[in-house]
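Undergrad: You'll find start.txt just under this line, and it carries compact mmCIF, C-alpha atoms and all ligand atoms.
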```txt
# COMPACT_ATOMS: atom_id res chain seq x y z
CA MET A 18 83.50 -50.62 -2.19
CA SER A 19 87.18 -51.61 -1.81
CA GLN A 20 89.09 -50.15 1.09
CA LYS A 21 91.26 -47.09 0.51
CA ARG A 22 94.92 -47.84 1.08
CA ILE A 23 97.40 -45.58 2.90
CA VAL A 24 101.11 -46.33 2.74
CA LEU A 25 103.11 -45.25 5.78
CA ALA A 26 106.85 -45.11 5.01
CA GLY A 27 108.68 -45.22 8.36
CA GLY A 28 105.34 -46.05 9.97
CA SER A 29 106.78 -48.42 12.59
CA GLY A 30 107.70 -45.63 15.03
CA PHE A 31 105.96 -43.41 17.59
CA LEU A 32 103.83 -41.33 15.19
CA GLY A 33 103.41 -44.07 12.59
CA GLN A 34 101.94 -46.57 15.03
CA ALA A 35 99.41 -44.05 16.35
CA LEU A 36 98.43 -43.05 12.82
CA ALA A 37 98.22 -46.67 11.63
CA ARG A 38 95.82 -47.54 14.51
CA ASP A 39 93.73 -44.45 13.83
CA LEU A 40 93.46 -45.20 10.10
CA ARG A 41 92.62 -48.87 10.70
CA GLN A 42 89.79 -47.83 13.03
CA ARG A 43 88.43 -45.79 10.14
CA ASP A 44 88.55 -48.76 7.84
CA TYR A 45 91.55 -47.78 5.76
CA GLN A 46 93.87 -50.49 4.57
CA VAL A 47 97.31 -49.64 6.02
CA THR A 48 100.68 -50.71 4.63
CA ILE A 49 103.84 -49.83 6.53
CA LEU A 50 107.24 -49.67 4.82
CA THR A 51 109.92 -50.70 7.30
CA ARG A 52 113.45 -52.09 7.31
CA THR A 53 112.35 -54.89 9.65
CA PRO A 54 108.89 -56.13 8.62
CA ARG A 55 106.95 -58.53 10.84
CA GLU A 56 103.65 -60.38 10.77
CA ARG A 57 100.93 -58.48 12.64
CA PRO A 58 97.64 -59.65 14.07
CA ASP A 59 95.88 -56.28 13.65
CA GLY A 60 95.27 -56.26 9.90
CA ILE A 61 98.15 -53.87 9.17
CA THR A 62 100.61 -55.04 6.52
CA GLU A 63 104.34 -54.45 6.86
CA LEU A 64 106.54 -54.52 3.75
CA ALA A 65 110.33 -54.47 3.54
CA TRP A 66 112.15 -51.49 2.10
CA ASP A 67 115.57 -50.03 2.79
CA GLY A 68 114.49 -46.39 2.58
CA VAL A 69 116.88 -45.87 -0.34
CA HIS A 70 116.19 -48.10 -3.34
CA PRO A 71 113.06 -49.06 -5.25
CA GLY A 72 111.98 -52.67 -4.72
CA PRO A 73 108.87 -54.89 -4.63
CA TRP A 74 107.41 -52.45 -2.07
CA THR A 75 106.68 -49.93 -4.85
CA SER A 76 103.60 -51.96 -5.88
CA ALA A 77 101.95 -50.93 -2.58
CA LEU A 78 101.84 -47.37 -3.91
CA GLU A 79 99.76 -48.40 -6.96
CA GLY A 80 96.27 -46.93 -6.55
CA ALA A 81 96.94 -45.84 -2.94
CA GLU A 82 94.90 -42.97 -1.55
CA ALA A 83 98.01 -41.42 0.01
CA VAL A 84 101.59 -42.01 1.00
CA VAL A 85 102.77 -40.61 4.32
CA ASN A 86 106.53 -40.38 4.80
CA LEU A 87 107.72 -40.49 8.41
CA ALA A 88 111.06 -42.23 7.82
CA GLY A 89 114.21 -40.84 9.37
CA ARG A 90 116.74 -41.71 12.02
CA ASN A 91 115.57 -40.47 15.43
CA ILE A 92 117.06 -37.03 16.21
CA ASN A 93 117.54 -37.94 19.86
CA CYS A 94 121.21 -38.87 19.46
CA PRO A 95 124.44 -36.87 19.81
CA HIS A 96 124.66 -34.51 16.84
CA THR A 97 128.16 -35.57 15.84
CA ALA A 98 129.29 -34.97 12.24
CA ALA A 99 128.69 -38.65 11.37
CA ASN A 100 125.25 -38.72 12.99
CA LEU A 101 124.23 -35.49 11.26
CA VAL A 102 125.06 -37.05 7.90
CA GLU A 103 122.88 -40.04 8.76
CA LEU A 104 120.05 -37.91 10.15
CA THR A 105 119.88 -36.02 6.86
CA ALA A 106 120.50 -38.98 4.54
CA SER A 107 117.83 -41.18 6.16
CA ARG A 108 115.28 -38.43 5.49
CA VAL A 109 116.36 -37.24 2.04
CA ASN A 110 116.94 -40.79 0.72
CA SER A 111 113.47 -41.93 1.75
CA VAL A 112 111.93 -39.02 -0.18
CA HIS A 113 114.03 -39.89 -3.24
CA ALA A 114 113.11 -43.59 -2.98
CA LEU A 115 109.38 -42.77 -3.00
CA ALA A 116 109.85 -40.22 -5.79
CA THR A 117 111.71 -42.74 -7.94
CA ALA A 118 108.77 -45.15 -7.64
CA LEU A 119 106.13 -42.68 -8.86
CA PRO A 120 106.77 -42.59 -12.64
CA GLY A 121 106.37 -46.39 -12.90
CA LEU A 122 102.85 -46.32 -11.43
CA LYS A 123 99.65 -46.38 -13.50
CA GLN A 124 97.75 -44.77 -10.64
CA PRO A 125 100.06 -42.91 -8.25
CA PRO A 126 98.87 -41.97 -4.72
CA LYS A 127 96.56 -38.97 -4.75
CA ALA A 128 98.40 -37.28 -1.86
CA TRP A 129 101.88 -37.29 -0.34
CA VAL A 130 102.06 -36.18 3.28
CA GLN A 131 105.64 -35.51 4.31
CA ALA A 132 106.90 -35.12 7.88
CA SER A 133 109.23 -32.23 8.64
CA ALA A 134 109.83 -30.41 11.93
CA VAL A 135 109.61 -26.94 13.44
CA GLY A 136 113.38 -27.28 13.80
CA PHE A 137 113.22 -25.73 10.30
CA TYR A 138 112.99 -22.28 11.95
CA GLY A 139 116.16 -22.75 14.03
CA ASP A 140 116.52 -21.25 17.50
CA THR A 141 114.09 -18.33 17.40
CA ALA A 142 114.02 -17.20 21.05
CA ASP A 143 110.56 -15.72 21.70
CA ARG A 144 109.78 -14.73 18.09
CA ILE A 145 106.61 -16.29 16.69
CA CYS A 146 107.09 -18.58 13.66
CA VAL A 147 104.38 -19.21 11.11
CA GLU A 148 104.66 -21.10 7.85
CA THR A 149 106.01 -18.06 5.95
CA THR A 150 108.81 -17.44 8.48
CA PRO A 151 112.13 -18.08 6.70
CA GLY A 152 114.25 -21.09 7.62
CA GLY A 153 116.77 -20.59 10.41
CA THR A 154 120.32 -21.66 11.03
CA GLY A 155 121.82 -24.63 12.88
CA HIS A 156 121.90 -28.41 12.47
CA LEU A 157 118.18 -29.04 12.76
CA ALA A 158 117.30 -26.21 10.41
CA ASP A 159 119.78 -27.57 7.85
CA ILE A 160 118.33 -31.08 8.12
CA CYS A 161 114.76 -29.82 7.69
CA ARG A 162 115.70 -27.60 4.75
CA ASP A 163 117.36 -30.52 2.91
CA TRP A 164 114.42 -32.77 3.80
CA GLU A 165 111.80 -30.35 2.43
CA HIS A 166 113.96 -29.47 -0.56
CA ALA A 167 114.03 -33.17 -1.51
CA LEU A 168 110.23 -33.15 -1.73
CA HIS A 169 110.11 -29.86 -3.66
CA SER A 170 112.57 -31.43 -6.17
CA VAL A 171 110.25 -34.36 -6.99
CA PRO A 172 109.48 -33.87 -10.71
CA LEU A 173 106.02 -32.76 -11.77
CA PRO A 174 103.32 -33.98 -11.99
CA ARG A 175 103.46 -34.71 -8.25
CA PRO A 176 100.59 -35.90 -6.12
CA ARG A 177 99.01 -33.23 -3.93
CA THR A 178 101.83 -32.62 -1.41
CA ILE A 179 101.56 -31.54 2.19
CA ILE A 180 104.55 -30.86 4.45
CA LEU A 181 103.83 -30.98 8.17
CA ARG A 182 106.39 -29.13 10.30
CA ILE A 183 105.79 -31.09 13.46
CA GLY A 184 106.44 -29.77 16.97
CA PHE A 185 107.22 -31.61 20.20
CA VAL A 186 104.68 -34.45 20.22
CA LEU A 187 103.31 -35.45 23.63
CA GLY A 188 102.27 -39.08 23.96
CA ARG A 189 102.26 -41.76 26.65
CA GLU A 190 104.31 -44.34 24.82
CA GLY A 191 106.92 -42.48 22.82
CA GLY A 192 108.78 -39.24 22.24
CA ALA A 193 110.34 -37.32 25.12
CA LEU A 194 107.36 -37.11 27.51
CA PRO A 195 107.88 -40.52 29.20
CA VAL A 196 111.52 -39.61 29.93
CA LEU A 197 110.62 -36.14 31.24
CA SER A 198 107.87 -37.70 33.36
CA LYS A 199 110.30 -40.19 34.86
CA ILE A 200 112.77 -37.42 35.77
CA THR A 201 109.96 -35.29 37.21
CA LYS A 202 108.64 -38.14 39.35
CA LEU A 203 112.17 -38.44 40.79
CA PHE A 204 111.85 -34.79 41.99
CA LEU A 205 114.29 -33.63 39.26
CA GLY A 206 111.76 -31.82 37.07
CA GLY A 207 113.23 -28.32 37.24
CA ALA A 208 113.40 -25.89 34.34
CA VAL A 209 116.12 -26.59 31.80
CA GLY A 210 118.79 -23.91 31.19
CA ASN A 211 117.28 -20.46 31.75
CA GLY A 212 113.80 -21.94 31.16
CA ARG A 213 112.87 -19.16 28.74
CA GLN A 214 113.13 -21.30 25.60
CA TYR A 215 109.76 -22.02 23.98
CA ILE A 216 108.36 -25.51 23.40
CA SER A 217 105.89 -25.89 20.55
CA TRP A 218 104.07 -28.93 21.89
CA ILE A 219 101.18 -30.90 20.42
CA HIS A 220 99.16 -33.83 21.77
CA LEU A 221 99.55 -37.11 19.85
CA THR A 222 95.77 -37.23 19.28
CA ASP A 223 95.83 -33.85 17.54
CA VAL A 224 98.88 -34.57 15.37
CA THR A 225 97.36 -37.89 14.30
CA ARG A 226 94.18 -36.10 13.29
CA ILE A 227 96.19 -33.49 11.36
CA PHE A 228 97.74 -36.30 9.30
CA ARG A 229 94.25 -37.65 8.60
CA VAL A 230 92.91 -34.21 7.65
CA ALA A 231 95.92 -33.79 5.33
CA ILE A 232 94.98 -37.06 3.62
CA GLU A 233 91.23 -36.52 3.45
CA GLU A 234 90.78 -32.78 2.96
CA ASN A 235 92.14 -30.44 0.38
CA LEU A 236 95.30 -29.30 2.18
CA SER A 237 98.35 -28.44 0.13
CA GLY A 238 101.75 -26.94 0.95
CA ILE A 239 103.35 -26.33 4.33
CA TYR A 240 101.59 -26.46 7.72
CA ASN A 241 102.94 -26.09 11.26
CA ALA A 242 101.66 -29.18 13.10
CA VAL A 243 101.85 -27.67 16.57
CA GLY A 244 99.29 -26.84 19.22
CA PRO A 245 97.96 -23.27 19.48
CA THR A 246 99.63 -22.43 22.82
CA PRO A 247 103.41 -22.95 22.93
CA VAL A 248 104.88 -22.44 26.41
CA THR A 249 108.29 -21.72 27.87
CA ASN A 250 110.32 -24.61 29.21
CA ALA A 251 109.90 -23.26 32.76
CA ASP A 252 106.10 -23.31 32.36
CA PHE A 253 106.20 -26.73 30.74
CA MET A 254 108.15 -28.20 33.64
CA LYS A 255 105.90 -26.42 36.16
CA HIS A 256 102.81 -28.01 34.60
CA LEU A 257 104.51 -31.40 34.38
CA ARG A 258 105.43 -31.26 38.10
CA SER A 259 101.89 -30.30 38.89
CA ALA A 260 100.52 -33.19 36.78
CA TRP A 261 102.68 -35.63 38.77
CA HIS A 262 102.00 -33.83 42.12
CA ARG A 263 105.62 -32.88 42.63
CA PRO A 264 106.87 -29.70 44.35
CA TRP A 265 109.15 -27.04 42.85
CA SER A 266 112.51 -28.49 41.77
CA PRO A 267 115.75 -26.55 41.17
CA PRO A 268 116.55 -25.67 37.55
CA ALA A 269 119.17 -27.68 35.64
CA PRO A 270 121.80 -25.23 34.33
CA ALA A 271 122.77 -25.52 30.66
CA PHE A 272 126.23 -26.97 31.41
CA ALA A 273 124.62 -29.78 33.48
CA VAL A 274 122.16 -30.48 30.66
CA ARG A 275 125.07 -30.71 28.20
CA LEU A 276 126.95 -33.09 30.49
CA GLY A 277 123.86 -35.20 31.19
CA SER A 278 123.02 -35.40 27.48
CA ARG A 279 126.52 -36.61 26.70
CA LEU A 280 126.23 -39.35 29.33
CA LEU A 281 122.79 -40.37 28.03
CA GLN A 282 123.92 -40.33 24.36
CA SER A 283 121.40 -37.58 23.69
CA GLU A 284 121.66 -34.02 22.36
CA ALA A 285 121.45 -31.01 24.72
CA SER A 286 120.42 -28.54 22.01
CA LEU A 287 117.08 -30.36 21.68
CA ALA A 288 116.20 -29.19 25.21
CA LEU A 289 117.92 -25.80 25.05
CA MET A 290 116.75 -24.37 21.74
CA SER A 291 113.60 -22.28 21.51
CA CYS A 292 110.79 -22.47 18.99
CA ARG A 293 107.51 -20.61 19.33
CA ALA A 294 105.58 -21.84 16.31
CA LEU A 295 101.87 -21.30 15.69
CA PRO A 296 99.52 -23.45 13.55
CA LYS A 297 98.39 -20.47 11.44
CA ARG A 298 97.45 -22.34 8.27
CA LEU A 299 95.68 -25.17 10.11
CA GLU A 300 93.59 -22.64 12.03
CA GLU A 301 92.79 -20.82 8.78
CA HIS A 302 91.64 -24.18 7.41
CA GLY A 303 89.29 -24.48 10.39
CA PHE A 304 91.15 -27.26 12.22
CA ARG A 305 89.94 -27.55 15.82
CA PHE A 306 92.40 -28.83 18.40
CA GLU A 307 91.15 -31.24 21.02
CA PHE A 308 94.02 -30.21 23.32
CA ASN A 309 94.45 -26.42 23.32
CA HIS A 310 96.15 -26.06 26.69
CA LEU A 311 99.12 -27.87 28.17
CA GLU A 312 97.44 -28.53 31.55
CA GLN A 313 94.62 -30.30 29.73
CA ALA A 314 97.04 -32.36 27.58
CA LEU A 315 99.17 -33.39 30.56
CA ARG A 316 96.09 -34.23 32.62
CA ASP A 317 95.15 -36.65 29.87
CA LEU A 318 98.62 -38.13 29.42
CA CYS A 319 100.02 -38.21 32.99
CA ARG A 320 97.75 -40.83 34.46
N1 LIG B 401 107.94 -37.38 17.49
C1 LIG B 401 108.10 -36.07 17.41
O1 LIG B 401 107.92 -35.31 18.41
C2 LIG B 401 108.50 -35.44 16.10
C3 LIG B 401 108.65 -34.04 16.02
C4 LIG B 401 109.01 -33.46 14.81
C5 LIG B 401 109.25 -34.24 13.70
N2 LIG B 401 109.11 -35.59 13.79
C6 LIG B 401 109.43 -36.38 12.60
O2 LIG B 401 108.36 -37.24 12.27
C7 LIG B 401 108.85 -38.50 11.80
C8 LIG B 401 108.26 -39.62 12.63
O3 LIG B 401 108.58 -39.37 13.99
P1 LIG B 401 108.54 -40.55 15.08
O4 LIG B 401 108.54 -39.88 16.40
O5 LIG B 401 107.50 -41.52 14.73
O6 LIG B 401 110.00 -41.17 14.84
P2 LIG B 401 110.49 -42.65 15.18
O7 LIG B 401 109.69 -43.27 16.25
O8 LIG B 401 111.97 -42.55 15.39
O9 LIG B 401 110.19 -43.44 13.82
C9 LIG B 401 110.86 -43.12 12.62
C10 LIG B 401 110.87 -44.29 11.69
O10 LIG B 401 111.86 -44.05 10.68
C11 LIG B 401 112.44 -45.26 10.29
N3 LIG B 401 113.90 -45.08 10.15
C12 LIG B 401 114.82 -44.85 11.10
N4 LIG B 401 116.04 -44.77 10.57
C13 LIG B 401 115.88 -44.96 9.24
C14 LIG B 401 116.78 -45.03 8.14
N5 LIG B 401 118.08 -44.87 8.30
N6 LIG B 401 116.26 -45.25 6.91
C15 LIG B 401 114.93 -45.44 6.73
N7 LIG B 401 114.03 -45.41 7.74
C16 LIG B 401 114.51 -45.17 8.97
C17 LIG B 401 112.19 -46.29 11.38
O11 LIG B 401 111.51 -47.38 10.78
P3 LIG B 401 112.18 -48.84 10.63
O12 LIG B 401 113.29 -48.93 11.65
O13 LIG B 401 111.04 -49.76 10.95
O14 LIG B 401 112.64 -48.94 9.23
C18 LIG B 401 111.28 -45.58 12.39
O15 LIG B 401 110.15 -46.32 12.74
C19 LIG B 401 110.38 -38.44 11.91
O16 LIG B 401 110.92 -38.18 10.65
C20 LIG B 401 110.63 -37.29 12.86
O17 LIG B 401 111.85 -36.62 12.63
C21 LIG B 401 108.75 -36.23 14.94
```
The structure in this file should be written as C-alpha cells.
TA:
Amino acid sequence: MSQKRIVLAGGSGFLGQALARDLRQRDYQVTILTRTPRERPDGITELAWDGVHPGPWTSALEGAEAVVNLAGRNINCPHTAANLVELTASRVNSVHALATALPGLKQPPKAWVQASAVGFYGDTADRICVETTPGGTGHLADICRDWEHALHSVPLPRPRTIILRIGFVLGREGGALPVLSKITKLFLGGAVGNGRQYISWIHLTDVTRIFRVAIEENLSGIYNAVGPTPVTNADFMKHLRSAWHRPWSPPAPAFAVRLGSRLLQSEASLALMSCRALPKRLEEHGFRFEFNHLEQALRDLCR
C-alpha cells in the first residue's frame, strides 16, 4: 500500500518539526512547505512556497491525506503596527494560498488542520474559556479572529476542517520554555507582574498527538489544544524554580517586564495577559493527555 502523505505548511518551525518527526515514525510521507527549502537526510521532503501565491508546490496537495497549516510569523516580536500587519498577513495569506490551490486538484486532501491560538479569547483574567466562549479583544484576539475567518471563508466543498486553538506549548528545543528556564537558572525566575494571570500550557508531546488525532480521527470544528490544568503565572514559575532546584525569587513587576521586553525585542503582553482555557471538546472526544500536571511536564522537560 502506498504511504499516506501529509503536507505541513509552515512545518519548518517548533511545532512542525516535532509533528514531522512523529508522522515519519508512523510511516507517513511528509512534505513541508517552506520559504527556504533544503535537502534533508531523514526522508522528509521540503518544497518551496512563499505562503502567498500558488506555485509548483500545489501538486503536493494532490491525493494528500491531510494538510496542516502552521505558517505564520512568530508572535514573539514587538507588537508594533507594522509587525501586527505582518503577523496577520502571514497567517491569512497562507490560508488563502492553500484555499486557492484546492479547486485545481482532482483529489484534494481529506482534512485541513489549521493552527490558531487561545489568544482568540483575549485577556480573560480567571474566567474559564471553552470552545464556545466568544472571541475577546486585543491584538492577539484580532489576529486569531482574522486567521480563523480566513479558513471559514474557504468556499465549499471544503475538506474536513479542524481548527486547533493552541496554548503555551512546552518543549525542550523551542517556544518560550528554554528562555524561561535560562532566566530561572540565573535565580531570576520570579512571578511576572502580579502573577495571577493564567497560563494555558500543553506539553509538546500532547499537542503533537492532538494534531495526529485531528488527522486520523473524525474531529471537525474548533478545539482548544491546551492541557487540562492551566495554572497561574506565579504557580508556573514556582514549579519551574522547583524543577531547576532554585529558591524563591522576587517577582518582576509589570513595568520591568515591559522594559525588559523592549530591550529583548519581545512583547510584554505575551507574559502579562491571562488565559484559562480548557480542552473541553478534546476531552469529550476521549483524548487522554500524557501530561496532565505541570510538575510532571516540567520534570520531563527540565533535565
Ligand atoms: N508554539 C506555540 O506555543 C504556539 C502557541 C499557539 C499557537 N501557535 C501557532 O502555531 C503555529 C506554529 O507554531 P510554531 O511554534 O511552530 O511557530 P514557528 O516555530 O515560528 O514556525 C512557524 C513557521 O511559519 C513560517 N513562517 C514564518 N513567517 C512566515 C511568513 N511571513 N509567511 C509564510 N510562512 C511564514 C516559518 O516557515 P519558513 O520560514 O520555513 O517559511 C516557520 O517555520 C504558528 O502559526 C503559531 O502562531 C504556536
Undergrad: Quick one: which chain A residues come within 9 Å of ligand LIG 401 (chain B), and what is the nearest atom pair for each with the distance in Å to one decimal, counting all atoms listed in the file, rows ordered by chain and ascending number, as CSV?
TA:
```
residue,atom,partner,partner_atom,distance
A:Ala26,CA,B:LIG401,O10,7.6
A:Gly27,CA,B:LIG401,C10,4.1
A:Gly28,CA,B:LIG401,O15,5.6
A:Ser29,CA,B:LIG401,O15,4.0
A:Gly30,CA,B:LIG401,O7,3.3
A:Phe31,CA,B:LIG401,O5,3.8
A:Leu32,CA,B:LIG401,O5,3.7
A:Gly33,CA,B:LIG401,O5,5.3
A:Gln34,CA,B:LIG401,O5,7.5
A:Ala35,CA,B:LIG401,O5,8.6
A:Ile49,CA,B:LIG401,O13,8.4
A:Leu50,CA,B:LIG401,O14,7.0
A:Thr51,CA,B:LIG401,O14,3.8
A:Arg52,CA,B:LIG401,O14,3.8
A:Thr53,CA,B:LIG401,O13,5.5
A:Pro54,CA,B:LIG401,O13,7.1
A:Ala65,CA,B:LIG401,O14,8.3
A:Trp66,CA,B:LIG401,O14,7.6
A:Asp67,CA,B:LIG401,C15,6.1
A:Gly68,CA,B:LIG401,C15,4.3
A:Val69,CA,B:LIG401,N6,7.3
A:Asn86,CA,B:LIG401,C7,7.6
A:Leu87,CA,B:LIG401,C7,4.1
A:Ala88,CA,B:LIG401,O10,3.5
A:Gly89,CA,B:LIG401,O10,4.2
A:Arg90,CA,B:LIG401,N4,3.5
A:Asn91,CA,B:LIG401,O8,4.2
A:Ile92,CA,B:LIG401,O17,6.3
A:Asn93,CA,B:LIG401,O8,8.5
A:Glu103,CA,B:LIG401,N5,6.8
A:Leu104,CA,B:LIG401,N5,7.5
A:Ala106,CA,B:LIG401,N5,7.4
A:Ser107,CA,B:LIG401,N5,4.3
A:Arg108,CA,B:LIG401,O16,6.8
A:Asn110,CA,B:LIG401,N6,7.7
A:Ser111,CA,B:LIG401,C15,6.3
A:Gln131,CA,B:LIG401,O2,8.6
A:Ala132,CA,B:LIG401,O2,5.1
A:Ser133,CA,B:LIG401,C5,5.4
A:Ala134,CA,B:LIG401,C5,4.3
A:Val135,CA,B:LIG401,C4,6.7
A:Gly136,CA,B:LIG401,C4,7.6
A:Cys161,CA,B:LIG401,O17,8.9
A:Leu181,CA,B:LIG401,C5,8.4
A:Arg182,CA,B:LIG401,C5,6.8
A:Ile183,CA,B:LIG401,C4,4.2
A:Gly184,CA,B:LIG401,C3,4.9
A:Phe185,CA,B:LIG401,O1,4.2
A:Val186,CA,B:LIG401,O1,3.8
A:Leu187,CA,B:LIG401,O1,7.0
A:Gly188,CA,B:LIG401,N1,8.8
A:Gly191,CA,B:LIG401,O4,7.1
A:Gly192,CA,B:LIG401,N1,5.2
A:Ala193,CA,B:LIG401,O1,7.4
A:Trp218,CA,B:LIG401,O1,8.2
A:Ile219,CA,B:LIG401,O1,8.3
A:Leu221,CA,B:LIG401,O1,8.7
A:Ala242,CA,B:LIG401,C4,8.7
```
Undergrad: Could you check the closest approach to Lys21 (chain A) for each of A:Gly60, A:Gly72, A:Pro176, A:Pro126 and tell me which residue wins, using all atoms listed in the file?
TA: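 Residue with the minimum atom-to-atom distance to Lys21 (chain A): A:Pro126.
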Undergrad: Go ahead and compute the interatomic distance for CA of Asn235 (chain A) and CA of Gln313 (chain A), in Å to one decimal.
TA: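 These atoms are spaced 29.5 Å apart.
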Undergrad: Using Å and a single decimal, report how far CA of Cys292 (chain A) sits from CA of Thr141 (chain A).
TA: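 Separation of CA of Thr141 (chain A) and CA of Cys292 (chain A): 5.5 Å.
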Undergrad: Report as AutoDock Vina command-line options the centre and the edge lengths, in Å to one decimal, of the axis-aligned box holding every listed atom of region 206-214 of chain A, padded by 5 Å on each side.
TA:
```
--center_x 115.3 --center_y -25.5 --center_z 31.4 --size_x 17.0 --size_y 22.7 --size_z 21.6
```
Undergrad: Closest to Val102 (chain A) among A:Thr48, A:Ala114, A:Pro195, A:Asp163, using all atoms listed in the file?
TA: A:Asp163
Undergrad: I want to know what sits within 12 Å of Arg305 (chain A), based on only C-alpha atoms, with residues of the same chain fewer than 6 positions away left out; could you give that as a PyMOL selection string?
TA: chain A and resi 222-224+226-227+230+243-245+296-299
Undergrad: Please save C-alpha atoms of the selected residues as a PDB file, keeping the file's coordinate frame.
TA:
```pdb
ATOM      1  CA  THR A 222      95.770 -37.230  19.280  1.00  0.00           C
ATOM      2  CA  ASP A 223      95.830 -33.850  17.540  1.00  0.00           C
ATOM      3  CA  VAL A 224      98.880 -34.570  15.370  1.00  0.00           C
ATOM      4  CA  ARG A 226      94.180 -36.100  13.290  1.00  0.00           C
ATOM      5  CA  ILE A 227      96.190 -33.490  11.360  1.00  0.00           C
ATOM      6  CA  VAL A 230      92.910 -34.210   7.650  1.00  0.00           C
ATOM      7  CA  VAL A 243     101.850 -27.670  16.570  1.00  0.00           C
ATOM      8  CA  GLY A 244      99.290 -26.840  19.220  1.00  0.00           C
ATOM      9  CA  PRO A 245      97.960 -23.270  19.480  1.00  0.00           C
ATOM     10  CA  PRO A 296      99.520 -23.450  13.550  1.00  0.00           C
ATOM     11  CA  LYS A 297      98.390 -20.470  11.440  1.00  0.00           C
ATOM     12  CA  ARG A 298      97.450 -22.340   8.270  1.00  0.00           C
ATOM     13  CA  LEU A 299      95.680 -25.170  10.110  1.00  0.00           C
TER      14      LEU A 299
END
```
Undergrad: Tell me, as a short mmCIF file (atom, residue, chain, number, x, y, z; two decimals) with C-alpha atoms, in the frame of the given file, which residues lie within 12 Å of His262 (chain A), counting only C-alpha atoms; anything in the same chain fewer than 2 positions away does not count.
TA:
```
data_model
loop_
_atom_site.label_atom_id
_atom_site.label_comp_id
_atom_site.auth_asym_id
_atom_site.auth_seq_id
_atom_site.Cartn_x
_atom_site.Cartn_y
_atom_site.Cartn_z
CA SER A 198 107.87 -37.70 33.36
CA THR A 201 109.96 -35.29 37.21
CA LYS A 202 108.64 -38.14 39.35
CA LEU A 203 112.17 -38.44 40.79
CA PHE A 204 111.85 -34.79 41.99
CA GLY A 206 111.76 -31.82 37.07
CA MET A 254 108.15 -28.20 33.64
CA LYS A 255 105.90 -26.42 36.16
CA HIS A 256 102.81 -28.01 34.60
CA LEU A 257 104.51 -31.40 34.38
CA ARG A 258 105.43 -31.26 38.10
CA SER A 259 101.89 -30.30 38.89
CA ALA A 260 100.52 -33.19 36.78
CA PRO A 264 106.87 -29.70 44.35
CA TRP A 265 109.15 -27.04 42.85
CA SER A 266 112.51 -28.49 41.77
CA LEU A 315 99.17 -33.39 30.56
CA ARG A 316 96.09 -34.23 32.62
CA CYS A 319 100.02 -38.21 32.99
CA ARG A 320 97.75 -40.83 34.46
#
```
Undergrad: Mind giving me the straight-line distance from CA of Gly238 (chain A) to CA of Asp44 (chain A) in Å, one decimal?
TA: 26.4 Å
